[in-house]
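Student: One file: work-v3.cif (mmCIF, C-alpha atoms and all ligand atoms).
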```cif
data_input
loop_
_atom_site.group_PDB
_atom_site.id
_atom_site.type_symbol
_atom_site.label_atom_id
_atom_site.label_comp_id
_atom_site.auth_asym_id
_atom_site.auth_seq_id
_atom_site.Cartn_x
_atom_site.Cartn_y
_atom_site.Cartn_z
ATOM 1 C CA MET G 806 30.478 -60.396 6.231
ATOM 2 C CA ASN G 807 28.265 -62.098 8.818
ATOM 3 C CA ARG G 808 24.541 -62.702 8.311
ATOM 4 C CA HIS G 809 23.638 -59.832 10.595
ATOM 5 C CA SER G 810 25.603 -57.132 8.733
ATOM 6 C CA SER G 811 24.679 -58.467 5.307
ATOM 7 C CA THR G 812 20.974 -58.183 6.256
ATOM 8 C CA GLN G 813 21.549 -54.588 7.335
ATOM 9 C CA THR G 814 23.413 -53.769 4.107
ATOM 10 C CA HIS G 815 20.508 -55.198 2.130
ATOM 11 C CA LEU G 816 18.003 -53.165 4.128
ATOM 12 C CA TYR G 817 19.967 -49.935 3.585
ATOM 13 C CA ALA G 818 20.244 -50.619 -0.144
ATOM 14 C CA SER G 819 16.492 -51.309 -0.420
ATOM 15 C CA LEU G 820 15.639 -48.202 1.585
ATOM 16 C CA THR G 821 17.937 -46.016 -0.517
ATOM 17 C CA ALA G 822 16.443 -47.398 -3.750
ATOM 18 C CA TYR G 823 12.899 -46.936 -2.423
ATOM 19 C CA LEU G 824 13.521 -43.324 -1.371
ATOM 20 C CA GLN G 825 15.165 -42.538 -4.700
ATOM 21 C CA ASP G 826 12.221 -44.136 -6.521
ATOM 22 C CA LEU G 827 9.810 -42.000 -4.514
ATOM 23 C CA GLN G 828 11.800 -38.852 -5.286
ATOM 24 C CA GLU G 829 11.982 -39.626 -8.993
ATOM 25 C CA SER G 830 8.232 -40.269 -9.036
ATOM 26 C CA GLY G 831 7.606 -36.764 -7.742
ATOM 27 C CA VAL G 832 6.946 -37.525 -4.077
ATOM 28 C CA ASP G 833 7.777 -34.466 -2.097
ATOM 29 C CA GLY G 834 8.462 -34.045 1.589
ATOM 30 C CA ILE G 835 11.226 -36.664 1.920
ATOM 31 C CA PRO G 836 13.572 -34.990 4.404
ATOM 32 C CA THR G 837 16.914 -34.387 2.677
ATOM 33 C CA GLU G 838 18.677 -35.403 5.914
ATOM 34 C CA MET G 839 17.020 -38.826 5.593
ATOM 35 C CA MET G 840 18.318 -39.287 2.038
ATOM 36 C CA ALA G 841 21.778 -38.175 3.135
ATOM 37 C CA VAL G 842 21.871 -40.409 6.202
ATOM 38 C CA VAL G 843 20.589 -43.488 4.379
ATOM 39 C CA ALA G 844 22.868 -42.967 1.393
ATOM 40 C CA SER G 845 26.054 -42.226 3.311
ATOM 41 C CA ALA G 846 25.877 -43.812 6.756
ATOM 42 C CA GLY G 847 25.179 -47.407 5.829
ATOM 43 C CA PRO G 848 24.877 -50.003 8.534
ATOM 44 C CA GLN G 849 26.680 -49.382 11.783
ATOM 45 C CA PRO G 850 27.815 -52.367 13.808
ATOM 46 C CA ALA G 851 25.429 -52.725 16.720
ATOM 47 C CA ALA G 852 26.978 -52.285 20.157
ATOM 48 C CA SER G 853 26.439 -55.299 22.359
ATOM 49 C CA THR G 854 27.176 -56.022 25.965
ATOM 50 C CA GLU G 855 29.279 -58.971 27.123
ATOM 51 C CA GLN G 856 26.138 -60.662 28.409
ATOM 52 C CA GLU G 857 24.340 -60.194 25.061
ATOM 53 C CA ARG G 858 27.393 -61.472 23.153
ATOM 54 C CA THR G 859 27.630 -64.586 25.257
ATOM 55 C CA SER G 860 23.893 -65.273 25.240
ATOM 56 C CA GLY G 861 23.594 -64.511 21.492
ATOM 57 C CA MET G 862 20.611 -62.230 22.277
ATOM 58 C CA THR G 863 21.665 -59.352 19.974
ATOM 59 C CA ASP G 864 21.635 -61.479 16.828
ATOM 60 C CA GLN G 865 18.477 -63.228 17.898
ATOM 61 C CA MET G 866 16.679 -59.927 18.571
ATOM 62 C CA ASN G 867 17.880 -58.439 15.287
ATOM 63 C CA ASP G 868 16.788 -61.502 13.380
ATOM 64 C CA GLN G 869 13.332 -61.168 14.911
ATOM 65 C CA MET G 870 13.160 -57.455 14.089
ATOM 66 C CA ASN G 871 14.326 -57.979 10.499
ATOM 67 C CA GLU G 872 11.950 -60.865 9.949
ATOM 68 C CA PRO G 873 8.801 -59.724 8.095
ATOM 69 C CA GLN G 874 5.735 -59.659 10.365
ATOM 70 C CA GLN G 875 3.608 -62.759 9.997
ATOM 71 C CA HIS G 876 1.196 -62.055 7.166
ATOM 72 C CA GLU G 877 -2.382 -61.584 8.289
ATOM 73 C CA THR G 878 -5.093 -62.429 5.758
ATOM 74 C CA LEU G 879 -8.164 -60.317 5.087
ATOM 75 C CA GLU G 880 -10.299 -63.284 6.204
ATOM 76 C CA GLN G 881 -8.546 -63.283 9.590
ATOM 77 C CA ILE G 882 -9.161 -59.564 10.006
ATOM 78 C CA ARG G 883 -12.833 -59.929 9.020
ATOM 79 C CA LYS G 884 -13.217 -62.769 11.511
ATOM 80 C CA ASP G 885 -11.608 -60.676 14.233
ATOM 81 C CA LEU G 886 -14.043 -57.834 13.503
ATOM 82 C CA GLY G 887 -16.970 -60.198 14.062
ATOM 83 C CA PRO G 888 -20.480 -58.724 14.457
ATOM 84 C CA CYS G 889 -18.818 -55.429 15.393
ATOM 85 C CA GLN G 890 -20.447 -53.095 17.913
ATOM 86 C CA ARG G 891 -17.293 -51.124 18.744
ATOM 87 C CA CYS G 892 -19.002 -47.821 17.879
ATOM 88 C CA LYS G 893 -22.541 -46.467 17.674
ATOM 89 C CA LEU G 894 -22.808 -47.143 13.898
ATOM 90 C CA GLY G 895 -23.112 -50.844 14.678
ATOM 91 C CA ALA G 896 -26.609 -50.302 16.088
ATOM 92 C CA THR G 897 -28.101 -48.829 12.901
ATOM 93 C CA ARG G 898 -26.330 -50.633 10.067
ATOM 94 C CA LYS G 899 -27.910 -53.390 7.977
ATOM 95 C CA ASN G 900 -24.617 -54.868 6.793
ATOM 96 C CA LEU G 901 -21.032 -54.337 7.793
ATOM 97 C CA VAL G 902 -19.154 -53.337 4.609
ATOM 98 C CA PHE G 903 -15.668 -54.783 4.934
ATOM 99 C CA GLY G 904 -14.053 -54.361 1.522
ATOM 100 C CA VAL G 905 -13.945 -55.962 -1.899
ATOM 101 C CA GLY G 906 -11.437 -56.834 -4.586
ATOM 102 C CA ASN G 907 -8.022 -58.318 -5.071
ATOM 103 C CA PRO G 908 -6.372 -59.201 -1.726
ATOM 104 C CA HIS G 909 -2.981 -58.648 -3.421
ATOM 105 C CA ALA G 910 -3.944 -55.473 -5.294
ATOM 106 C CA ARG G 911 -1.230 -53.021 -6.294
ATOM 107 C CA LEU G 912 -3.780 -50.230 -5.865
ATOM 108 C CA VAL G 913 -6.316 -49.658 -3.084
ATOM 109 C CA PHE G 914 -9.111 -47.069 -3.045
ATOM 110 C CA VAL G 915 -10.333 -45.929 0.378
ATOM 111 C CA GLY G 916 -13.650 -44.077 0.602
ATOM 112 C CA GLU G 917 -15.487 -42.437 3.474
ATOM 113 C CA GLY G 918 -18.139 -44.920 4.529
ATOM 114 C CA PRO G 919 -21.015 -46.962 3.140
ATOM 115 C CA GLY G 920 -24.147 -45.226 1.850
ATOM 116 C CA ALA G 921 -27.655 -46.738 1.615
ATOM 117 C CA ASP G 922 -26.858 -49.016 -1.354
ATOM 118 C CA GLU G 923 -23.631 -50.272 0.213
ATOM 119 C CA ASP G 924 -25.389 -50.839 3.557
ATOM 120 C CA ALA G 925 -28.089 -52.865 1.775
ATOM 121 C CA GLN G 926 -25.648 -54.961 -0.283
ATOM 122 C CA GLY G 927 -22.662 -55.222 2.075
ATOM 123 C CA GLU G 928 -20.255 -54.078 -0.655
ATOM 124 C CA PRO G 929 -18.443 -50.732 -0.967
ATOM 125 C CA PHE G 930 -19.098 -48.330 -3.840
ATOM 126 C CA VAL G 931 -22.082 -50.033 -5.502
ATOM 127 C CA GLY G 932 -24.404 -46.973 -5.726
ATOM 128 C CA ASP G 933 -24.062 -43.844 -7.853
ATOM 129 C CA ALA G 934 -20.665 -42.921 -6.367
ATOM 130 C CA GLY G 935 -19.614 -46.499 -7.106
ATOM 131 C CA LYS G 936 -20.602 -46.114 -10.760
ATOM 132 C CA MET G 937 -18.439 -43.015 -10.932
ATOM 133 C CA LEU G 938 -15.556 -44.854 -9.239
ATOM 134 C CA ASN G 939 -15.990 -47.668 -11.782
ATOM 135 C CA ARG G 940 -15.679 -45.056 -14.548
ATOM 136 C CA ILE G 941 -12.443 -43.787 -13.014
ATOM 137 C CA ILE G 942 -11.072 -47.335 -12.731
ATOM 138 C CA ALA G 943 -12.099 -48.107 -16.329
ATOM 139 C CA ALA G 944 -10.521 -44.841 -17.528
ATOM 140 C CA MET G 945 -7.279 -46.067 -15.953
ATOM 141 C CA GLU G 946 -7.727 -49.226 -18.067
ATOM 142 C CA LEU G 947 -8.003 -51.319 -14.922
ATOM 143 C CA LYS G 948 -10.784 -53.608 -13.755
ATOM 144 C CA ARG G 949 -12.634 -53.347 -10.460
ATOM 145 C CA GLU G 950 -11.420 -56.901 -9.653
ATOM 146 C CA ASP G 951 -7.786 -55.747 -10.056
ATOM 147 C CA VAL G 952 -7.982 -53.241 -7.202
ATOM 148 C CA TYR G 953 -9.120 -53.396 -3.582
ATOM 149 C CA ILE G 954 -11.859 -51.038 -2.357
ATOM 150 C CA CYS G 955 -12.766 -50.227 1.233
ATOM 151 C CA ASN G 956 -13.815 -47.343 3.470
ATOM 152 C CA VAL G 957 -12.646 -45.474 6.552
ATOM 153 C CA VAL G 958 -15.700 -46.758 8.440
ATOM 154 C CA LYS G 959 -17.383 -50.069 7.746
ATOM 155 C CA CYS G 960 -20.916 -49.162 8.810
ATOM 156 C CA ARG G 961 -23.253 -46.575 7.331
ATOM 157 C CA PRO G 962 -23.399 -43.244 9.154
ATOM 158 C CA PRO G 963 -27.066 -42.177 9.510
ATOM 159 C CA GLN G 964 -28.257 -39.812 6.747
ATOM 160 C CA ASN G 965 -24.886 -40.313 5.063
ATOM 161 C CA ARG G 966 -23.244 -37.793 7.379
ATOM 162 C CA PRO G 967 -19.430 -37.897 7.533
ATOM 163 C CA PRO G 968 -18.130 -40.369 10.123
ATOM 164 C CA GLU G 969 -17.471 -38.855 13.547
ATOM 165 C CA SER G 970 -14.063 -39.011 15.176
ATOM 166 C CA ASP G 971 -14.979 -41.732 17.718
ATOM 167 C CA GLU G 972 -16.287 -43.883 14.843
ATOM 168 C CA VAL G 973 -13.109 -43.345 12.812
ATOM 169 C CA THR G 974 -11.009 -44.131 15.888
ATOM 170 C CA ALA G 975 -12.882 -47.406 16.514
ATOM 171 C CA CYS G 976 -12.612 -48.556 12.899
ATOM 172 C CA SER G 977 -9.083 -47.328 12.014
ATOM 173 C CA PRO G 978 -7.110 -50.250 13.490
ATOM 174 C CA PHE G 979 -9.007 -52.622 11.203
ATOM 175 C CA LEU G 980 -8.474 -50.429 8.147
ATOM 176 C CA LEU G 981 -4.761 -50.233 8.941
ATOM 177 C CA ARG G 982 -4.592 -54.026 9.239
ATOM 178 C CA GLN G 983 -6.449 -54.426 5.920
ATOM 179 C CA LEU G 984 -4.026 -52.057 4.201
ATOM 180 C CA GLN G 985 -1.036 -53.813 5.758
ATOM 181 C CA SER G 986 -2.448 -57.149 4.633
ATOM 182 C CA VAL G 987 -3.017 -56.065 1.017
ATOM 183 C CA LYS G 988 0.220 -54.035 1.105
ATOM 184 C CA PRO G 989 -0.575 -52.088 -2.065
ATOM 185 C CA GLU G 990 2.034 -50.071 -3.924
ATOM 186 C CA VAL G 991 -0.334 -47.069 -3.862
ATOM 187 C CA ILE G 992 -3.375 -46.068 -1.812
ATOM 188 C CA VAL G 993 -5.863 -43.559 -3.220
ATOM 189 C CA ALA G 994 -7.849 -41.721 -0.541
ATOM 190 C CA LEU G 995 -11.198 -40.634 -1.977
ATOM 191 C CA GLY G 996 -12.374 -37.327 -0.565
ATOM 192 C CA THR G 997 -11.958 -35.266 2.550
ATOM 193 C CA SER G 998 -12.927 -37.843 5.192
ATOM 194 C CA ALA G 999 -10.639 -40.566 3.862
ATOM 195 C CA ALA G 1000 -7.667 -38.292 3.224
ATOM 196 C CA GLN G 1001 -7.965 -36.471 6.561
ATOM 197 C CA ALA G 1002 -8.529 -39.676 8.557
ATOM 198 C CA LEU G 1003 -5.626 -41.552 6.983
ATOM 199 C CA LEU G 1004 -3.210 -38.635 7.113
ATOM 200 C CA GLN G 1005 -4.488 -37.418 10.496
ATOM 201 C CA THR G 1006 -4.785 -33.850 9.349
ATOM 202 C CA LYS G 1007 -7.410 -31.130 8.951
ATOM 203 C CA VAL G 1008 -5.847 -29.773 5.747
ATOM 204 C CA PRO G 1009 -8.547 -29.490 3.032
ATOM 205 C CA ILE G 1010 -8.626 -32.062 0.225
ATOM 206 C CA SER G 1011 -7.988 -29.321 -2.347
ATOM 207 C CA LYS G 1012 -4.562 -28.787 -0.691
ATOM 208 C CA LEU G 1013 -3.804 -32.471 -0.053
ATOM 209 C CA ARG G 1014 -4.627 -33.812 -3.529
ATOM 210 C CA GLY G 1015 -2.183 -33.926 -6.398
ATOM 211 C CA LYS G 1016 0.817 -35.191 -4.476
ATOM 212 C CA PHE G 1017 1.896 -38.362 -2.751
ATOM 213 C CA HIS G 1018 1.935 -38.578 1.042
ATOM 214 C CA ASP G 1019 3.195 -41.349 3.296
ATOM 215 C CA PHE G 1020 0.838 -43.758 5.070
ATOM 216 C CA HIS G 1021 2.769 -46.279 7.165
ATOM 217 C CA GLY G 1022 5.406 -46.596 4.452
ATOM 218 C CA MET G 1023 2.839 -46.792 1.645
ATOM 219 C CA PRO G 1024 2.499 -43.932 -0.865
ATOM 220 C CA LEU G 1025 -0.948 -42.322 -0.602
ATOM 221 C CA MET G 1026 -2.555 -40.065 -3.213
ATOM 222 C CA PRO G 1027 -5.570 -38.069 -2.014
ATOM 223 C CA THR G 1028 -8.114 -37.071 -4.647
ATOM 224 C CA TYR G 1029 -11.680 -35.791 -4.846
ATOM 225 C CA HIS G 1030 -14.508 -38.160 -3.873
ATOM 226 C CA PRO G 1031 -16.549 -39.611 -6.773
ATOM 227 C CA SER G 1032 -19.702 -38.049 -5.207
ATOM 228 C CA TYR G 1033 -18.080 -34.646 -5.530
ATOM 229 C CA LEU G 1034 -17.541 -35.326 -9.228
ATOM 230 C CA LEU G 1035 -21.200 -36.329 -9.549
ATOM 231 C CA ARG G 1036 -22.307 -33.131 -7.820
ATOM 232 C CA SER G 1037 -20.149 -31.111 -10.184
ATOM 233 C CA GLY G 1038 -21.524 -32.833 -13.287
ATOM 234 C CA GLY G 1039 -18.883 -35.534 -13.827
ATOM 235 C CA SER G 1040 -16.704 -33.366 -16.032
ATOM 236 C CA GLY G 1041 -14.967 -30.017 -15.783
ATOM 237 C CA ASP G 1042 -12.117 -28.972 -13.508
ATOM 238 C CA SER G 1043 -12.713 -31.459 -10.684
ATOM 239 C CA PHE G 1044 -12.807 -34.370 -13.133
ATOM 240 C CA TRP G 1045 -9.526 -33.287 -14.704
ATOM 241 C CA SER G 1046 -7.964 -32.849 -11.259
ATOM 242 C CA VAL G 1047 -8.882 -36.462 -10.455
ATOM 243 C CA TRP G 1048 -7.511 -37.559 -13.809
ATOM 244 C CA ASP G 1049 -4.238 -35.701 -13.131
ATOM 245 C CA ASP G 1050 -4.011 -37.516 -9.772
ATOM 246 C CA MET G 1051 -4.738 -40.904 -11.366
ATOM 247 C CA THR G 1052 -2.128 -40.163 -14.048
ATOM 248 C CA GLN G 1053 0.454 -39.791 -11.282
ATOM 249 C CA VAL G 1054 -0.748 -43.059 -9.740
ATOM 250 C CA LEU G 1055 -0.427 -44.908 -13.069
ATOM 251 C CA GLN G 1056 3.038 -43.448 -13.638
ATOM 252 C CA PHE G 1057 4.093 -44.498 -10.146
ATOM 253 C CA LEU G 1058 2.857 -48.028 -10.855
ATOM 254 C CA LYS G 1059 4.676 -47.901 -14.207
ATOM 255 C CA LEU G 1060 1.399 -48.588 -16.039
ATOM 256 C CA PRO G 1061 0.441 -46.988 -19.365
ATOM 257 C CA VAL G 1062 -1.371 -43.665 -19.115
ATOM 258 C CA PRO G 1063 -4.317 -43.663 -21.544
ATOM 259 C CA GLU G 1064 -4.693 -40.539 -23.676
ATOM 260 C CA LYS G 1065 -7.568 -38.311 -22.584
ATOM 261 C CA SER G 1066 -8.271 -35.101 -24.409
ATOM 262 C CA ARG G 1067 -9.709 -32.149 -22.608
ATOM 263 C CA LYS G 1068 -12.519 -30.421 -24.464
ATOM 264 C CA LYS G 1069 -11.487 -26.841 -25.190
HETATM 265 N N1 LIG G 1101 -19.184 -43.432 -0.635
HETATM 266 C C1 LIG G 1101 -18.132 -43.909 0.051
HETATM 267 O O1 LIG G 1101 -17.280 -43.168 0.510
HETATM 268 N N2 LIG G 1101 -18.021 -45.214 0.168
HETATM 269 C C2 LIG G 1101 -18.883 -46.075 -0.341
HETATM 270 O O2 LIG G 1101 -18.688 -47.271 -0.179
HETATM 271 C C3 LIG G 1101 -19.976 -45.541 -1.059
HETATM 272 C C4 LIG G 1101 -20.113 -44.241 -1.185
#
```
For the file at hand, write its structure as structure tokens.
Ligand code: URA
Tutor:
Amino acid sequence: MNRHSSTQTHLYASLTAYLQDLQESGVDGIPTEMMAVVASAGPQPAASTEQERTSGMTDQMNDQMNEPQQHETLEQIRKDLGPCQRCKLGATRKNLVFGVGNPHARLVFVGEGPGADEDAQGEPFVGDAGKMLNRIIAAMELKREDVYICNVVKCRPPQNRPPESDEVTACSPFLLRQLQSVKPEVIVALGTSAAQALLQTKVPISKLRGKFHDFHGMPLMPTYHPSYLLRSGGSGDSFWSVWDDMTQVLQFLKLPVPEKSRKK
């Protein structure tokens, strides 16, 4: 077996295992045709023209395509962002809120956008919603430093309104690069804005939450925003819905699920 076909065989095996893992973890929406094709077809020898064979271009191109993309660090992305004025939020912010936490986190939380406290301190989720997020993280028996936390937009929308579509569009390429840099095993989208922006949908959060979706090859679990939990008293149905979602996340990550008892 030459290097080219052994790389393909390896890729097919990894893809099959990954898809099966997703299925077993309860991810829905994996097209059955995809499972069938990946499991049965295996690598096909690539057709090549005489010119490509003699110049060696096919192997060279395949090697380049199979090579992992050069890893971009969060520092490089932050530097590239600079003193950003790519959208109108740049004019009114105090601090650009890039993200915080473990650059190699297995789990990333993505919120909507900075509020007043985050704008003042330059760090995501440090106000009341942040305290609630910290409670969720602690309930999962994780530490804030273990995970990575960022937002759909990096600058505070005036009066804490949801980010507008031009703002999301300007900021999204940087969020995507951050997520590709951290390459978490799971992304949790907190609330409507984050879930709808990442999944490019208008489906309400109540319909999106509770199951894994795909974001550029990374499993994404939408759940309610911590502010929503605060508005609904921090307990009750919405809290248990978030806990059910986080239970699925912990199971996916093969981490222990702490016992929580619902008050009757
Ligand atoms: N709400 C968010 O969505 N993000 C923050 O950083 C703070 C509050």
Student: Quick one: distance from atom CA of Ala1000 of chain G to atom CA of His1030 of chain G in Å, one decimal?
Tutor: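 Taking atom CA of Ala1000 of chain G as the start and atom CA of His1030 of chain G as the end point, the length is 9.9 Å.
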Student: Counting all atoms listed in the file, which protein, DNA or RNA residues come within 9 Å of ligand LIG 1101 (chain G), given as a PyMOL selection string?
Tutor: chain G and resi 902+904+915-924+928-935+954-959+961+965+995-996+998-999+1030-1032
Student: Specify the axis-aligned box that encloses all atoms of segment 885-893 of chain G listed in the file after padding of 6 Å on each side, stating its centre and edge lengths in Å to one decimal as AutoDock Vina command-line options.
Tutor:
```
--center_x -17.1 --center_y -53.6 --center_z 16.1 --size_x 22.9 --size_y 26.2 --size_z 17.2
```
Student: Fewer than 3 positions away in the same chain doesn't count, so skip those; otherwise give me all residues within 10 Å of Leu984 of chain G, counting all atoms listed in the file, as a ChimeraX atom specification.
Tutor: /G:879,908,913,915,953,955,978-981,987-989,992,1020-1021,1023
Student: Got a sec to resolve the PyMOL selection byres (((chain G and resi 1050-1054) around 10) and not hetatm) on this structure and send the residues as a ChimeraX atom specification?
Tutor: /G:830-832,912,941-942,944-945,990-993,1014-1017,1024-1029,1044-1049,1055-1064
Student: With C-alpha atoms retained, export the selected residues as a PDB file, in the coordinates of the input.
Tutor:
```pdb
ATOM      1  CA  SER G 830       8.232 -40.269  -9.036  1.00  0.00           C
ATOM      2  CA  GLY G 831       7.606 -36.764  -7.742  1.00  0.00           C
ATOM      3  CA  VAL G 832       6.946 -37.525  -4.077  1.00  0.00           C
ATOM      4  CA  LEU G 912      -3.780 -50.230  -5.865  1.00  0.00           C
ATOM      5  CA  ILE G 941     -12.443 -43.787 -13.014  1.00  0.00           C
ATOM      6  CA  ILE G 942     -11.072 -47.335 -12.731  1.00  0.00           C
ATOM      7  CA  ALA G 944     -10.521 -44.841 -17.528  1.00  0.00           C
ATOM      8  CA  MET G 945      -7.279 -46.067 -15.953  1.00  0.00           C
ATOM      9  CA  GLU G 990       2.034 -50.071  -3.924  1.00  0.00           C
ATOM     10  CA  VAL G 991      -0.334 -47.069  -3.862  1.00  0.00           C
ATOM     11  CA  ILE G 992      -3.375 -46.068  -1.812  1.00  0.00           C
ATOM     12  CA  VAL G 993      -5.863 -43.559  -3.220  1.00  0.00           C
ATOM     13  CA  ARG G1014      -4.627 -33.812  -3.529  1.00  0.00           C
ATOM     14  CA  GLY G1015      -2.183 -33.926  -6.398  1.00  0.00           C
ATOM     15  CA  LYS G1016       0.817 -35.191  -4.476  1.00  0.00           C
ATOM     16  CA  PHE G1017       1.896 -38.362  -2.751  1.00  0.00           C
ATOM     17  CA  PRO G1024       2.499 -43.932  -0.865  1.00  0.00           C
ATOM     18  CA  LEU G1025      -0.948 -42.322  -0.602  1.00  0.00           C
ATOM     19  CA  MET G1026      -2.555 -40.065  -3.213  1.00  0.00           C
ATOM     20  CA  PRO G1027      -5.570 -38.069  -2.014  1.00  0.00           C
ATOM     21  CA  THR G1028      -8.114 -37.071  -4.647  1.00  0.00           C
ATOM     22  CA  TYR G1029     -11.680 -35.791  -4.846  1.00  0.00           C
ATOM     23  CA  PHE G1044     -12.807 -34.370 -13.133  1.00  0.00           C
ATOM     24  CA  TRP G1045      -9.526 -33.287 -14.704  1.00  0.00           C
ATOM     25  CA  SER G1046      -7.964 -32.849 -11.259  1.00  0.00           C
ATOM     26  CA  VAL G1047      -8.882 -36.462 -10.455  1.00  0.00           C
ATOM     27  CA  TRP G1048      -7.511 -37.559 -13.809  1.00  0.00           C
ATOM     28  CA  ASP G1049      -4.238 -35.701 -13.131  1.00  0.00           C
ATOM     29  CA  LEU G1055      -0.427 -44.908 -13.069  1.00  0.00           C
ATOM     30  CA  GLN G1056       3.038 -43.448 -13.638  1.00  0.00           C
ATOM     31  CA  PHE G1057       4.093 -44.498 -10.146  1.00  0.00           C
ATOM     32  CA  LEU G1058       2.857 -48.028 -10.855  1.00  0.00           C
ATOM     33  CA  LYS G1059       4.676 -47.901 -14.207  1.00  0.00           C
ATOM     34  CA  LEU G1060       1.399 -48.588 -16.039  1.00  0.00           C
ATOM     35  CA  PRO G1061       0.441 -46.988 -19.365  1.00  0.00           C
ATOM     36  CA  VAL G1062      -1.371 -43.665 -19.115  1.00  0.00           C
ATOM     37  CA  PRO G1063      -4.317 -43.663 -21.544  1.00  0.00           C
ATOM     38  CA  GLU G1064      -4.693 -40.539 -23.676  1.00  0.00           C
TER      39      GLU G1064
END
```
Student: Rounded to one decimal in Å, what is the spacing between atom CA of Tyr1033 of chain G and atom CA of Ala896 of chain G?
Tutor: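 So the answer is 28.0 Å.
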Student: One decimal, in Å: what's the spacing between atom CA of Pro967 of chain G and atom CA of Asp885 of chain G?
Tutor: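 The value is 25.0 Å.
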Student: Closest to Asn907 of chain G among G:Lys1007, G:Arg949, G:Arg940, G:His1018, using all atoms listed in the file?
Tutor: G:Arg949
Student: Could you check the closest approach to Leu1034 of chain G for each of G:Leu901, G:Leu1003, G:Leu938, G:Cys892 and tell me which residue wins, using all atoms listed in the file?
Tutor: G:Leu938
Student: Taking all atoms listed in the file into account, which of G:Ser1043, G:Gly906, G:Lys884, G:Gly895 comes nearest Pro963 of chain G?
Tutor: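 Using all atoms listed in the file, the shortest distance to Pro963 of chain G belongs to G:Gly895.
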